[in-house]
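**Student:** Structure supplied as entry-v9.pdb; contents: PDB, C-alpha atoms and all ligand atoms.
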ATOM      1  CA  MET D1149     122.596 129.443 123.175
ATOM      2  CA  ILE D1150     119.276 129.738 121.336
ATOM      3  CA  LYS D1151     116.318 129.618 123.733
ATOM      4  CA  VAL D1152     113.731 127.076 122.590
ATOM      5  CA  VAL D1153     110.131 126.509 123.676
ATOM      6  CA  VAL D1154     108.702 123.077 122.841
ATOM      7  CA  ALA D1155     104.931 122.971 122.220
ATOM      8  CA  GLY D1156     103.266 119.596 122.691
ATOM      9  CA  ALA D1157     106.071 118.796 125.139
ATOM     10  CA  ALA D1158     104.451 115.681 126.611
ATOM     11  CA  GLY D1159     103.673 114.126 123.224
ATOM     12  CA  ARG D1160     105.618 111.507 121.256
ATOM     13  CA  MET D1161     107.586 114.119 119.304
ATOM     14  CA  GLY D1162     107.631 116.650 122.151
ATOM     15  CA  CYS D1163     109.453 114.245 124.467
ATOM     16  CA  ARG D1164     112.172 113.563 121.895
ATOM     17  CA  LEU D1165     112.502 117.297 121.164
ATOM     18  CA  VAL D1166     112.949 118.067 124.862
ATOM     19  CA  ALA D1167     115.540 115.277 125.140
ATOM     20  CA  LEU D1168     117.557 116.410 122.111
ATOM     21  CA  VAL D1169     117.404 120.123 123.012
ATOM     22  CA  ARG D1170     118.846 119.174 126.408
ATOM     23  CA  ASP D1171     121.673 117.304 124.622
ATOM     24  CA  SER D1172     122.404 120.221 122.288
ATOM     25  CA  THR D1173     125.341 122.575 122.707
ATOM     26  CA  ALA D1174     123.639 125.250 120.560
ATOM     27  CA  LEU D1175     120.111 125.220 122.034
ATOM     28  CA  THR D1176     118.697 125.485 125.516
ATOM     29  CA  LEU D1177     115.224 124.586 126.797
ATOM     30  CA  ALA D1178     113.466 127.836 127.774
ATOM     31  CA  GLY D1179     109.947 126.473 128.096
ATOM     32  CA  ALA D1180     107.604 123.547 127.563
ATOM     33  CA  LEU D1181     103.959 123.840 126.616
ATOM     34  CA  GLU D1182     100.852 121.665 126.778
ATOM     35  CA  GLY D1183      97.155 122.510 126.481
ATOM     36  CA  SER D1184      95.368 123.811 129.610
ATOM     37  CA  GLY D1185      93.983 120.927 131.654
ATOM     38  CA  HIS D1186      96.620 118.492 130.375
ATOM     39  CA  HIS D1187      97.704 116.034 133.057
ATOM     40  CA  ALA D1188     101.388 117.025 132.641
ATOM     41  CA  ILE D1189     100.875 120.737 133.467
ATOM     42  CA  GLY D1190     103.233 121.614 136.333
ATOM     43  CA  ASP D1191     105.392 118.522 135.804
ATOM     44  CA  ASP D1192     109.056 118.846 134.894
ATOM     45  CA  ALA D1193     109.564 118.593 131.092
ATOM     46  CA  GLY D1194     112.756 116.571 131.504
ATOM     47  CA  GLU D1195     111.082 114.070 133.815
ATOM     48  CA  ILE D1196     108.190 113.678 131.366
ATOM     49  CA  SER D1197     110.633 113.076 128.494
ATOM     50  CA  GLY D1198     112.414 110.394 130.511
ATOM     51  CA  THR D1199     115.697 112.322 130.619
ATOM     52  CA  GLY D1200     115.693 113.458 134.244
ATOM     53  CA  ARG D1201     114.917 116.785 135.923
ATOM     54  CA  ALA D1202     115.370 119.799 133.605
ATOM     55  CA  GLY D1203     114.104 122.528 135.936
ATOM     56  CA  VAL D1204     111.495 123.536 133.320
ATOM     57  CA  ALA D1205     107.867 123.084 134.349
ATOM     58  CA  ILE D1206     105.288 122.356 131.640
ATOM     59  CA  THR D1207     102.821 125.248 131.369
ATOM     60  CA  SER D1208      99.895 126.259 129.150
ATOM     61  CA  ASP D1209     100.809 129.986 129.115
ATOM     62  CA  LEU D1210     102.794 130.576 125.916
ATOM     63  CA  ALA D1211     102.599 134.396 126.195
ATOM     64  CA  ALA D1212     104.486 134.232 129.508
ATOM     65  CA  LEU D1213     107.137 131.960 127.926
ATOM     66  CA  MET D1214     107.686 134.457 125.118
ATOM     67  CA  GLU D1215     109.621 136.676 127.522
ATOM     68  CA  ARG D1216     112.493 134.172 127.411
ATOM     69  CA  GLY D1217     111.895 131.994 124.324
ATOM     70  CA  GLU D1218     113.402 132.913 120.943
ATOM     71  CA  VAL D1219     111.875 130.120 118.865
ATOM     72  CA  VAL D1220     108.904 127.802 119.351
ATOM     73  CA  ILE D1221     109.092 124.257 117.975
ATOM     74  CA  ASP D1222     105.527 123.031 117.624
ATOM     75  CA  PHE D1223     104.480 119.414 117.114
ATOM     76  CA  SER D1224     101.001 119.486 118.639
ATOM     77  CA  ALA D1225      97.661 119.689 116.796
ATOM     78  CA  PRO D1226      96.360 122.038 114.048
ATOM     79  CA  ASP D1227      94.132 124.352 116.155
ATOM     80  CA  ALA D1228      96.736 124.550 118.912
ATOM     81  CA  THR D1229      99.536 125.306 116.444
ATOM     82  CA  LEU D1230      97.586 128.228 114.978
ATOM     83  CA  GLU D1231      96.842 129.592 118.440
ATOM     84  CA  HIS D1232     100.554 129.344 119.300
ATOM     85  CA  PHE D1233     101.718 130.949 116.060
ATOM     86  CA  ARG D1234      99.445 133.991 116.639
ATOM     87  CA  ILE D1235     101.174 134.551 120.003
ATOM     88  CA  VAL D1236     104.651 133.967 118.520
ATOM     89  CA  ALA D1237     103.917 136.518 115.767
ATOM     90  CA  GLN D1238     102.658 139.101 118.308
ATOM     91  CA  HIS D1239     105.963 138.752 120.169
ATOM     92  CA  ARG D1240     108.047 138.792 116.972
ATOM     93  CA  ARG D1241     109.732 135.453 117.684
ATOM     94  CA  ALA D1242     110.501 132.593 115.256
ATOM     95  CA  MET D1243     108.439 129.448 114.645
ATOM     96  CA  VAL D1244     109.069 125.858 113.523
ATOM     97  CA  ILE D1245     105.908 123.899 112.701
ATOM     98  CA  GLY D1246     105.944 120.115 112.364
ATOM     99  CA  THR D1247     102.222 119.640 112.979
ATOM    100  CA  THR D1248     100.357 118.089 110.037
ATOM    101  CA  GLY D1249      96.678 118.065 109.091
ATOM    102  CA  LEU D1250      96.298 121.856 108.804
ATOM    103  CA  ASN D1251      93.298 122.707 106.616
ATOM    104  CA  PRO D1252      93.533 125.192 103.693
ATOM    105  CA  SER D1253      92.300 128.168 105.755
ATOM    106  CA  GLN D1254      94.799 127.351 108.534
ATOM    107  CA  LEU D1255      97.580 127.168 105.940
ATOM    108  CA  GLU D1256      96.517 130.585 104.630
ATOM    109  CA  GLU D1257      96.699 132.006 108.139
ATOM    110  CA  VAL D1258     100.187 130.521 108.602
ATOM    111  CA  LYS D1259     101.254 132.263 105.374
ATOM    112  CA  GLY D1260      99.835 135.573 106.655
ATOM    113  CA  LEU D1261     101.552 135.337 110.052
ATOM    114  CA  ALA D1262     104.850 134.427 108.376
ATOM    115  CA  ARG D1263     104.819 137.855 106.725
ATOM    116  CA  HIS D1264     105.726 139.228 110.162
ATOM    117  CA  VAL D1265     108.092 136.565 111.547
ATOM    118  CA  PRO D1266     110.239 133.741 110.120
ATOM    119  CA  CYS D1267     108.599 130.297 110.107
ATOM    120  CA  VAL D1268     109.677 126.844 108.910
ATOM    121  CA  LEU D1269     106.674 124.651 108.094
ATOM    122  CA  SER D1270     107.380 121.082 107.018
ATOM    123  CA  PRO D1271     105.362 117.870 107.260
ATOM    124  CA  ASN D1272     108.568 115.853 107.439
ATOM    125  CA  MET D1273     111.812 117.131 108.911
ATOM    126  CA  SER D1274     113.988 114.141 107.946
ATOM    127  CA  VAL D1275     116.850 114.635 105.493
ATOM    128  CA  GLY D1276     115.818 111.517 103.566
ATOM    129  CA  VAL D1277     112.271 112.563 102.741
ATOM    130  CA  ASN D1278     113.348 116.047 101.672
ATOM    131  CA  LEU D1279     115.921 114.527  99.343
ATOM    132  CA  ILE D1280     113.209 112.271  97.916
ATOM    133  CA  TYR D1281     111.084 115.339  97.043
ATOM    134  CA  LYS D1282     113.991 116.416  94.859
ATOM    135  CA  VAL D1283     114.376 113.204  92.874
ATOM    136  CA  ILE D1284     110.802 111.966  92.391
ATOM    137  CA  GLY D1285     109.743 114.945  90.282
ATOM    138  CA  GLU D1286     112.522 114.147  87.803
ATOM    139  CA  MET D1287     111.566 110.461  87.829
ATOM    140  CA  ALA D1288     107.899 111.217  87.143
ATOM    141  CA  LYS D1289     108.774 113.562  84.261
ATOM    142  CA  THR D1290     111.154 111.047  82.699
ATOM    143  CA  LEU D1291     108.832 108.053  83.055
ATOM    144  CA  GLY D1292     105.855 109.975  81.667
ATOM    145  CA  ASP D1293     102.229 108.879  81.333
ATOM    146  CA  ASP D1294     103.015 105.179  80.743
ATOM    147  CA  TYR D1295     103.864 104.710  84.418
ATOM    148  CA  ASP D1296     101.070 104.825  87.001
ATOM    149  CA  ILE D1297     101.847 106.809  90.136
ATOM    150  CA  GLU D1298     100.813 105.617  93.595
ATOM    151  CA  VAL D1299     101.896 106.985  96.985
ATOM    152  CA  ILE D1300     101.594 104.616  99.963
ATOM    153  CA  GLU D1301     102.046 105.753 103.545
ATOM    154  CA  ALA D1302     102.052 103.713 106.761
ATOM    155  CA  HIS D1303     101.967 105.044 110.324
ATOM    156  CA  HIS D1304     101.243 103.975 113.900
ATOM    157  CA  ARG D1305      97.704 103.342 115.117
ATOM    158  CA  LEU D1306      97.612 106.575 117.176
ATOM    159  CA  LYS D1307      98.098 108.958 114.254
ATOM    160  CA  LYS D1308      95.104 111.278 113.905
ATOM    161  CA  ASP D1309      95.350 112.738 110.378
ATOM    162  CA  ALA D1310      95.198 110.909 107.047
ATOM    163  CA  PRO D1311      96.753 110.803 104.606
ATOM    164  CA  SER D1312     100.008 111.887 106.238
ATOM    165  CA  GLY D1313     101.217 115.417 105.585
ATOM    166  CA  THR D1314     104.260 113.908 103.899
ATOM    167  CA  ALA D1315     102.174 111.779 101.499
ATOM    168  CA  LEU D1316     100.184 114.866 100.517
ATOM    169  CA  LYS D1317     103.365 116.839  99.906
ATOM    170  CA  ILE D1318     104.838 113.965  97.855
ATOM    171  CA  ALA D1319     101.638 113.820  95.777
ATOM    172  CA  GLU D1320     101.789 117.596  95.233
ATOM    173  CA  VAL D1321     105.426 117.396  94.090
ATOM    174  CA  LEU D1322     104.551 114.587  91.648
ATOM    175  CA  ALA D1323     101.420 116.323  90.319
ATOM    176  CA  HIS D1324     103.367 119.542  89.762
ATOM    177  CA  ALA D1325     106.147 117.667  87.922
ATOM    178  CA  VAL D1326     103.708 116.085  85.450
ATOM    179  CA  ASN D1327     101.458 119.159  85.110
ATOM    180  CA  ARG D1328      98.420 117.658  86.800
ATOM    181  CA  ASP D1329      96.053 119.231  89.337
ATOM    182  CA  LEU D1330      96.058 117.044  92.466
ATOM    183  CA  ASP D1331      92.493 118.156  93.302
ATOM    184  CA  GLN D1332      91.429 116.599  89.975
ATOM    185  CA  VAL D1333      93.613 113.477  89.841
ATOM    186  CA  GLY D1334      94.144 112.479  93.488
ATOM    187  CA  VAL D1335      92.440 109.156  94.362
ATOM    188  CA  TYR D1336      92.341 108.451  98.092
ATOM    189  CA  SER D1337      91.798 104.649  98.508
ATOM    190  CA  ARG D1338      89.547 102.530  96.300
ATOM    191  CA  LYS D1339      86.558 100.256  96.771
ATOM    192  CA  GLY D1340      83.806  98.693  94.653
ATOM    193  CA  LEU D1341      83.290  98.430  90.908
ATOM    194  CA  ILE D1342      85.425 101.453  90.150
ATOM    195  CA  GLY D1343      86.426 100.638  86.571
ATOM    196  CA  GLU D1344      89.876 100.722  85.040
ATOM    197  CA  ARG D1345      92.520 102.984  86.467
ATOM    198  CA  LYS D1346      92.725 106.316  84.677
ATOM    199  CA  LYS D1347      96.159 107.186  83.307
ATOM    200  CA  GLN D1348      96.293 110.515  85.073
ATOM    201  CA  GLU D1349      95.361 109.254  88.542
ATOM    202  CA  ILE D1350      97.729 109.774  91.439
ATOM    203  CA  GLY D1351      96.710 107.254  94.094
ATOM    204  CA  ILE D1352      97.310 108.030  97.767
ATOM    205  CA  GLN D1353      96.901 105.036 100.086
ATOM    206  CA  THR D1354      96.937 104.985 103.869
ATOM    207  CA  ILE D1355      97.914 102.203 106.267
ATOM    208  CA  ARG D1356      97.578 102.491 110.068
ATOM    209  CA  ALA D1357      99.088  99.697 112.176
ATOM    210  CA  GLY D1358     100.872  99.144 115.472
ATOM    211  CA  ASP D1359     103.923 101.282 116.163
ATOM    212  CA  ILE D1360     105.111 102.134 112.609
ATOM    213  CA  VAL D1361     107.098 105.383 112.986
ATOM    214  CA  GLY D1362     106.538 106.534 109.383
ATOM    215  CA  ASP D1363     106.957 104.848 105.978
ATOM    216  CA  HIS D1364     106.423 106.444 102.563
ATOM    217  CA  THR D1365     106.651 104.684  99.206
ATOM    218  CA  ILE D1366     106.332 106.217  95.752
ATOM    219  CA  LEU D1367     105.471 103.522  93.227
ATOM    220  CA  PHE D1368     105.827 104.043  89.486
ATOM    221  CA  GLY D1369     104.058 101.110  87.820
ATOM    222  CA  GLY D1370     104.763 100.327  84.145
ATOM    223  CA  MET D1371     104.184  97.311  81.889
ATOM    224  CA  GLY D1372     106.747  94.656  82.817
ATOM    225  CA  GLU D1373     108.420  96.649  85.573
ATOM    226  CA  ARG D1374     107.837  98.881  88.541
ATOM    227  CA  ILE D1375     110.051 101.261  90.455
ATOM    228  CA  GLU D1376     109.581 101.900  94.158
ATOM    229  CA  VAL D1377     111.239 104.646  96.167
ATOM    230  CA  THR D1378     110.794 104.057  99.900
ATOM    231  CA  HIS D1379     111.698 106.033 102.986
ATOM    232  CA  ARG D1380     111.324 104.334 106.379
ATOM    233  CA  ALA D1381     111.812 106.275 109.574
ATOM    234  CA  SER D1382     112.967 103.923 112.323
ATOM    235  CA  SER D1383     113.164 106.582 115.057
ATOM    236  CA  ARG D1384     111.349 109.874 115.763
ATOM    237  CA  ASP D1385     114.784 111.348 116.468
ATOM    238  CA  THR D1386     115.282 111.798 112.726
ATOM    239  CA  PHE D1387     112.354 114.276 112.708
ATOM    240  CA  ALA D1388     113.402 115.887 115.997
ATOM    241  CA  ARG D1389     116.984 116.435 114.810
ATOM    242  CA  GLY D1390     115.624 118.088 111.661
ATOM    243  CA  ALA D1391     113.395 120.361 113.764
ATOM    244  CA  LEU D1392     116.364 121.428 115.905
ATOM    245  CA  ARG D1393     118.336 122.164 112.765
ATOM    246  CA  ALA D1394     115.408 124.252 111.513
ATOM    247  CA  ALA D1395     115.277 126.158 114.829
ATOM    248  CA  ARG D1396     118.972 127.063 114.623
ATOM    249  CA  TRP D1397     118.478 128.212 111.017
ATOM    250  CA  VAL D1398     115.170 130.080 111.296
ATOM    251  CA  VAL D1399     116.262 132.503 114.044
ATOM    252  CA  ARG D1400     118.747 133.992 111.546
ATOM    253  CA  GLN D1401     116.187 134.494 108.747
ATOM    254  CA  PRO D1402     114.054 137.510 107.831
ATOM    255  CA  PRO D1403     110.250 137.098 108.087
ATOM    256  CA  GLY D1404     108.869 134.587 105.594
ATOM    257  CA  LEU D1405     107.542 131.083 105.185
ATOM    258  CA  TYR D1406     110.251 128.465 104.646
ATOM    259  CA  ASP D1407     110.389 124.685 104.476
ATOM    260  CA  MET D1408     112.956 121.999 105.270
ATOM    261  CA  MET D1409     114.363 122.135 101.738
ATOM    262  CA  ASP D1410     115.322 125.772 102.458
ATOM    263  CA  VAL D1411     116.922 124.717 105.742
ATOM    264  CA  LEU D1412     118.884 121.901 104.071
ATOM    265  CA  GLY D1413     119.900 123.999 101.052
ATOM    266  CA  LEU D1414     118.151 121.614  98.657
ATOM    267  CA  LYS D1415     116.426 124.270  96.521
TER
HETATM  268  N1  LIG Z   1     106.986 117.266 110.560
HETATM  269  C1  LIG Z   1     107.466 116.108 110.996
HETATM  270  O1  LIG Z   1     108.633 115.727 110.721
HETATM  271  C2  LIG Z   1     106.606 115.265 111.876
HETATM  272  C3  LIG Z   1     105.330 115.677 112.167
HETATM  273  N2  LIG Z   1     104.568 115.022 113.080
HETATM  274  C4  LIG Z   1     103.295 115.620 113.418
HETATM  275  O2  LIG Z   1     103.436 116.239 114.712
HETATM  276  C5  LIG Z   1     102.167 116.227 115.374
HETATM  277  C6  LIG Z   1     102.328 115.577 116.750
HETATM  278  O3  LIG Z   1     102.661 114.229 116.600
HETATM  279  P1  LIG Z   1     102.885 113.292 117.879
HETATM  280  O4  LIG Z   1     103.952 113.843 118.745
HETATM  281  O5  LIG Z   1     103.015 111.903 117.367
HETATM  282  O6  LIG Z   1     101.457 113.449 118.598
HETATM  283  P2  LIG Z   1     101.108 113.380 120.138
HETATM  284  O7  LIG Z   1      99.619 113.332 120.214
HETATM  285  O8  LIG Z   1     101.907 112.330 120.806
HETATM  286  O9  LIG Z   1     101.622 114.789 120.699
HETATM  287  C7  LIG Z   1     100.981 116.012 120.519
HETATM  288  C8  LIG Z   1     100.981 116.726 121.842
HETATM  289  O10 LIG Z   1     100.466 118.047 121.683
HETATM  290  C9  LIG Z   1      99.556 118.246 122.741
HETATM  291  N3  LIG Z   1      98.621 119.344 122.547
HETATM  292  C10 LIG Z   1      97.323 119.313 122.117
HETATM  293  N4  LIG Z   1      96.781 120.544 122.207
HETATM  294  C11 LIG Z   1      97.733 121.368 122.702
HETATM  295  C12 LIG Z   1      97.772 122.754 123.009
HETATM  296  N5  LIG Z   1      96.707 123.556 122.873
HETATM  297  N6  LIG Z   1      98.924 123.277 123.483
HETATM  298  C13 LIG Z   1     100.003 122.500 123.673
HETATM  299  N7  LIG Z   1     100.039 121.174 123.396
HETATM  300  C14 LIG Z   1      98.912 120.618 122.914
HETATM  301  C15 LIG Z   1      98.875 116.896 122.887
HETATM  302  O11 LIG Z   1      98.150 116.807 124.091
HETATM  303  P3  LIG Z   1      96.936 115.730 124.170
HETATM  304  O12 LIG Z   1      97.591 114.430 124.385
HETATM  305  O13 LIG Z   1      96.124 116.208 125.339
HETATM  306  O14 LIG Z   1      96.183 115.829 122.875
HETATM  307  C16 LIG Z   1     100.086 116.000 122.858
HETATM  308  O15 LIG Z   1     100.735 115.916 124.113
HETATM  309  C17 LIG Z   1     101.210 115.504 114.436
HETATM  310  O16 LIG Z   1     100.523 116.463 113.669
HETATM  311  C18 LIG Z   1     102.135 114.681 113.544
HETATM  312  O17 LIG Z   1     101.592 114.371 112.310
HETATM  313  C19 LIG Z   1     105.017 113.897 113.711
HETATM  314  C20 LIG Z   1     106.265 113.420 113.439
HETATM  315  C21 LIG Z   1     107.152 114.042 112.477
HETATM  316  O1  LIG Z   2     102.266 111.483 112.891
HETATM  317  C1  LIG Z   2     103.395 111.010 112.671
HETATM  318  O2  LIG Z   2     103.917 110.172 113.426
HETATM  319  C2  LIG Z   2     104.141 111.505 111.505
HETATM  320  N1  LIG Z   2     103.595 112.444 110.796
HETATM  321  C3  LIG Z   2     104.190 113.118 109.704
HETATM  322  C4  LIG Z   2     103.228 113.209 108.527
HETATM  323  O3  LIG Z   2     102.014 113.272 108.725
HETATM  324  O4  LIG Z   2     103.701 113.250 107.388
HETATM  325  C5  LIG Z   2     105.577 112.683 109.355
HETATM  326  C6  LIG Z   2     106.050 111.397 109.882
HETATM  327  O5  LIG Z   2     106.006 110.395 108.899
HETATM  328  C7  LIG Z   2     105.471 110.951 111.203
END
Translate the structure of the given file into structure tokens.
**Tutor:**
Amino acid sequence: MIKVVVAGAAGRMGCRLVALVRDSTALTLAGALEGSGHHAIGDDAGEISGTGRAGVAITSDLAALMERGEVVIDFSAPDATLEHFRIVAQHRRAMVIGTTGLNPSQLEEVKGLARHVPCVLSPNMSVGVNLIYKVIGEMAKTLGDDYDIEVIEAHHRLKKDAPSGTALKIAEVLAHAVNRDLDQVGVYSRKGLIGERKKQEIGIQTIRAGDIVGDHTILFGGMGERIEVTHRASSRDTFARGALRAARWVVRQPPGLYDMMDVLGLK
């Protein structure tokens, strides 16, 4: 059994990760982490996840958990994730990062730490979204400059980062496919007398409402037709199952930075 530590264990994703690790025949829950001062510190991780007593108390001391954990699955917040990854790297364990909203210098640090230990970093661990990355590049290349590209994402009202990590990744895949620099052509929402749309623009639009788990649409708009590719997550378990799959995979890999397409064999 692979010994898993869940970081952000009392959060929306953390609770589902704890629940699914407990259901797994390949993984076992070795630890559960929250930030110091969190109201759930000392509580049982299973009770917090709604799945009954697990015998694993939520703690804020990751270094102590590293004695028994082989892989940390982290869906918390950018600063916390970096702090956790430094400890994981010191102890030569493996890491799965689902947290989004990391800034460029945090991403650089993740790359550096992954030179010492294996790490899967992915803004979306669902099979569906990773398959979409594969097909939209081809679509954009084939449709060419006559089709305007817009990415629309919708999430629940409690989400903190925008646009979603997935929308940014989708926009990067599209920009790469059509040889554009996203820093130059990305347009993040519109307002005012902005003039006609430029051909090269890649629009990235954000919606926040209610309890939407996570929707992403790629819209190719032409004259007389449009094509829309949409992924809708209806349960966080799709992300959690992907993260568990990544944990089983990453413990067998040499040091390096990987993503979900590596895990799923889609490259
Ligand atoms: N890659 C993917 O497939 C997916 C990625 N995500 C991403 O995962 C992240 C978490 O999402 P979600 O579960 O909805 O968010 P939540 O806010 O529900 O959960 C995050 C948890 O992490 C906790 N946390 C904050 N700081 C620390 C720390 N220092 N140590 C340990 N835990 C800490 C938070 O505590 P507190 O409440 O006190 O802040 C909270 O309990 C987001 O970045 C989100 O975008 C989400 C779904 C899928
Ligand atoms: O915060 C969320 O909930 C989600 N975040 C991820 C992102 O930012 O891309 C993925 C998913 O859609 C849910």
**Student:** I'd like the neighbourhood of D:Leu1291 as an NGL selection string, where a residue qualifies if any of its atoms comes within 10 Å (using all atoms listed in the file), though same-chain residues fewer than 4 positions away should be ignored.
**Tutor:** :D and (1286-1287 or 1295-1296 or 1326 or 1368-1370)
**Student:** Could you check how far atom CA of D:Glu1320 sits from atom CA of D:Arg1396, in Å to one decimal?
**Tutor:**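 Separating atom CA of D:Glu1320 from atom CA of D:Arg1396 is a distance of 27.6 Å.
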**Student:** Just say which residues the PyMOL selection byres (((chain D and resi 1278) around 10) and not hetatm) picks in this file, as a list in words.
**Tutor:** Ser1270, Pro1271, Asn1272, Met1273, Ser1274, Val1275, Gly1276, Val1277, Leu1279, Ile1280, Tyr1281, Lys1282, Val1283, Thr1314, Ile1318, Asp1407, Met1408, Met1409, Asp1410, Leu1412 and Leu1414 of chain D
**Student:** Please write as a PyMOL selection string the full residue list that the PyMOL selection byres (((not hetatm)) within 9 of (chain Z and resi 2)) yields on this file.
**Tutor:** chain D and resi 1160-1161+1246-1249+1270-1274+1301-1304+1306-1317+1360-1364+1380-1381+1384+1387
**Student:** Can you measure atom CA of D:Glu1298 to atom O4 of ligand LIG 1 (chain Z) for me? One decimal in Å is fine.
**Tutor:** 26.6 Å
**Student:** Enclose the full set of atoms of ligand LIG 1 (chain Z) listed in the file within a box whose edges lie along x, y and z, apply 4 Å of padding to each of the six sides, and report centre and edge lengths in Å to one decimal as lines of an AutoDock Vina configuration file.
**Tutor:**
center_x = 102.4
center_y = 117.7
center_z = 117.9
size_x = 20.5
size_y = 19.7
size_z = 22.8
**Student:** Would you pick out the contacts of D:Ser1172 at 12 Å or less, using all atoms listed in the file, so that residues sharing its chain but fewer than 3 positions from it are not included, and give the list as a list in words?
**Tutor:**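 That gives Met1149, Ile1150, Lys1151, Val1152, Leu1165, Val1166, Ala1167, Leu1168, Val1169, Leu1175, Thr1176, Leu1177, Ala1388, Arg1389, Leu1392, Arg1393, Ala1395 and Arg1396 of chain D.
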**Student:** Just say which residues the PyMOL selection byres (((chain D and resi 1182) around 12) and not hetatm) picks in this file, as a PyMOL selection string.
**Tutor:** chain D and resi 1153-1159+1162-1163+1179-1181+1183-1193+1196+1205-1210+1222-1225+1228-1229+1232
**Student:** Tell me which of D:Thr1199, D:Val1268, D:Gly1260, D:Gln1238 sits closest to ligand LIG 1 (chain Z), counting all atoms listed in the file.
**Tutor:**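 Closest candidate: D:Val1268.
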**Student:** Quote the spacing between atom N2 of ligand LIG 1 (chain Z) and atom CA of D:Ser1383 in Å to one decimal place.
**Tutor:**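 Computing it gives 12.2 Å between the two atoms.
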**Student:** Restricting the calculation to only C-alpha atoms and all ligand atoms, which member of D:Glu1344, D:Asp1227, D:Glu1195, D:Glu1376 is positioned closest to ligand LIG 1 (chain Z)?
**Tutor:** D:Asp1227
**Student:** Restricting the calculation to only C-alpha atoms and all ligand atoms: of D:Val1333, D:Met1214, D:Ala1325, D:Leu1269, which residue gets closest to ligand LIG 1 (chain Z)?
**Tutor:**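 Closest candidate: D:Leu1269.
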**Student:** For ligand LIG 1 (chain Z), which residue out of D:His1379, D:Arg1216, D:Arg1164, D:Arg1240 is the nearest one, using all atoms listed in the file?
**Tutor:** D:Arg1164
**Student:** Got a sec: who's within 12 Å of D:Tyr1406, counting all atoms listed in the file, leaving out chain neighbours fewer than 4 positions off, as a VMD selection string?
**Tutor:** chain D and resid 1242 to 1245 1258 to 1259 1262 to 1263 1265 to 1271 1394 to 1395 1397 to 1399 1401 to 1402 1410 to 1413 1415
**Student:** Using all atoms listed in the file for the distances, tell me which of D:Asp1171, D:Leu1261, D:Leu1213, D:Ile1352 is nearest to D:Gly1194.
**Tutor:**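 Under the stated criterion, the closest residue is D:Asp1171.
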**Student:** Which residue out of D:Ala1357, D:Ile1297, D:Ile1366, D:Val1204 has the minimum interatomic distance to D:Gly1334 when all atoms listed in the file are used?
**Tutor:**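 Smallest separation from D:Gly1334 among the options: D:Ile1297.
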